[in-house]
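Asks: Questions regarding the structure given below will be posed in turn.
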Amino acid sequence: MVFDILSELESYENSFPEIRNVIDIMDRSLPYEKGEGTYSCPENDRVTYSVNEILTSDKGISFNVEANHSALIITLEGEQVVSSNDVDKVFILSEGRFLLLNEGVWRMAMTPNLPAQIKYCIFNW
């Protein structure tokens, strides 16, 4: 698990080679320009990403990261809380930050304050 700022994303490339694909996609601003949906990385068919817009809530939405997989979340607009399902780990994910998650059950799109519209993308590999 890694929680950091986007400008440091490149420093994790040696540990997670797929991050090079994430950087290339983000450099082309594709998640900002695309509408909601799931997309493939043209350079690596193992890497997919989804762009979503949602209203945050106090319960958020649950999602799983399967064994031997990773999920990298980037909030494009707004702010959200992401936590492990047991609330053992809690992160406030705002614009300019990313969260790289490993296997487990997680909750996202929770509100740190009042419900608000957010746009985020999740890279999976």
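By order of appearance in the structure tokens: chains A, B, ..., then residues from 1 within every chain, and ligands from 1 in the order shown.
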Using only C-alpha atoms, which residues sit within 7 Å of Leu100 of chain A once same-chain residues fewer than 6 positions away are excluded, as a ChimeraX atom specification?

Replies: /A:1-3,70-73

Asks: I need the residues in segment 9-122 of chain A that are strand (DSSP E) according to DSSP; give them as a ChimeraX atom specification.

Replies: /A:37-41,44-55,61-65,71-77,79-84,90-94,97-101,104-110,117-122

Asks: I'd like the contact shell of segment 44-56 of chain A - 12 Å cut-off, only C-alpha atoms, skipping same-chain residues fewer than 5 positions apart - returned as a ChimeraX atom specification.

Replies: /A:16-26,29-39,61,69-82,107-125

Asks: Could you take the residues named above and write them with C-alpha atoms, as a tab-separated table (two decimals), in the first residue's frame?

Replies:
chain	number	residue	atom	x	y	z
A	16	PHE	CA	5.43	-1.62	-9.76
A	17	PRO	CA	6.36	-1.55	-13.48
A	18	GLU	CA	2.72	-0.89	-14.47
A	19	ILE	CA	3.09	2.58	-12.98
A	20	ARG	CA	4.91	3.58	-16.20
A	21	ASN	CA	1.62	2.94	-18.02
A	22	VAL	CA	-0.30	4.98	-15.43
A	23	ILE	CA	2.13	7.88	-15.84
A	24	ASP	CA	1.82	7.78	-19.64
A	25	ILE	CA	-1.98	7.81	-19.46
A	26	MET	CA	-2.04	10.63	-16.88
A	29	SER	CA	-4.71	13.71	-19.57
A	30	LEU	CA	-6.91	10.85	-20.76
A	31	PRO	CA	-8.80	10.32	-17.48
A	32	TYR	CA	-9.63	14.03	-17.33
A	33	GLU	CA	-10.96	14.08	-20.90
A	34	LYS	CA	-12.81	10.75	-20.93
A	35	GLY	CA	-16.37	10.26	-19.79
A	36	GLU	CA	-17.41	7.57	-17.37
A	37	GLY	CA	-16.41	4.10	-18.47
A	38	THR	CA	-13.69	1.46	-18.46
A	39	TYR	CA	-10.69	1.77	-20.77
A	61	ILE	CA	-19.10	2.04	-1.96
A	69	HIS	CA	-3.59	-7.58	-8.21
A	70	SER	CA	-3.24	-3.88	-7.45
A	71	ALA	CA	-5.56	-0.89	-7.69
A	72	LEU	CA	-4.34	2.70	-7.93
A	73	ILE	CA	-6.93	5.40	-7.14
A	74	ILE	CA	-6.56	9.01	-8.25
A	75	THR	CA	-9.16	11.62	-7.35
A	76	LEU	CA	-9.43	13.93	-10.36
A	77	GLU	CA	-11.94	16.39	-8.89
A	78	GLY	CA	-13.02	16.83	-5.27
A	79	GLU	CA	-12.09	14.89	-2.16
A	80	GLN	CA	-13.03	11.48	-0.79
A	81	VAL	CA	-12.27	9.17	2.09
A	82	VAL	CA	-10.97	5.67	1.29
A	107	ARG	CA	-14.56	1.38	0.83
A	108	MET	CA	-14.33	4.56	-1.21
A	109	ALA	CA	-16.36	7.63	-2.17
A	110	MET	CA	-17.05	8.36	1.48
A	111	THR	CA	-17.47	11.99	2.41
A	112	PRO	CA	-15.05	13.82	4.71
A	113	ASN	CA	-17.71	16.53	5.22
A	114	LEU	CA	-20.94	17.09	3.31
A	115	PRO	CA	-21.81	14.97	0.25
A	116	ALA	CA	-20.10	16.33	-2.86
A	117	GLN	CA	-19.65	15.35	-6.49
A	118	ILE	CA	-16.26	13.78	-7.22
A	119	LYS	CA	-14.52	12.41	-10.29
A	120	TYR	CA	-11.91	9.71	-9.88
A	121	CYS	CA	-10.14	6.98	-11.80
A	122	ILE	CA	-8.99	3.55	-10.73
A	123	PHE	CA	-6.14	1.81	-12.50
A	124	ASN	CA	-6.14	-2.00	-12.14
A	125	TRP	CA	-3.52	-4.59	-12.97

Asks: Can you work out which one of A:Phe98, A:Cys41, A:Arg28, A:Asn68 has the shortest atom-to-atom distance to Glu10 of chain A, counting only C-alpha atoms?

Replies: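 Closest to Glu10 of chain A, using only C-alpha atoms: A:Phe98.
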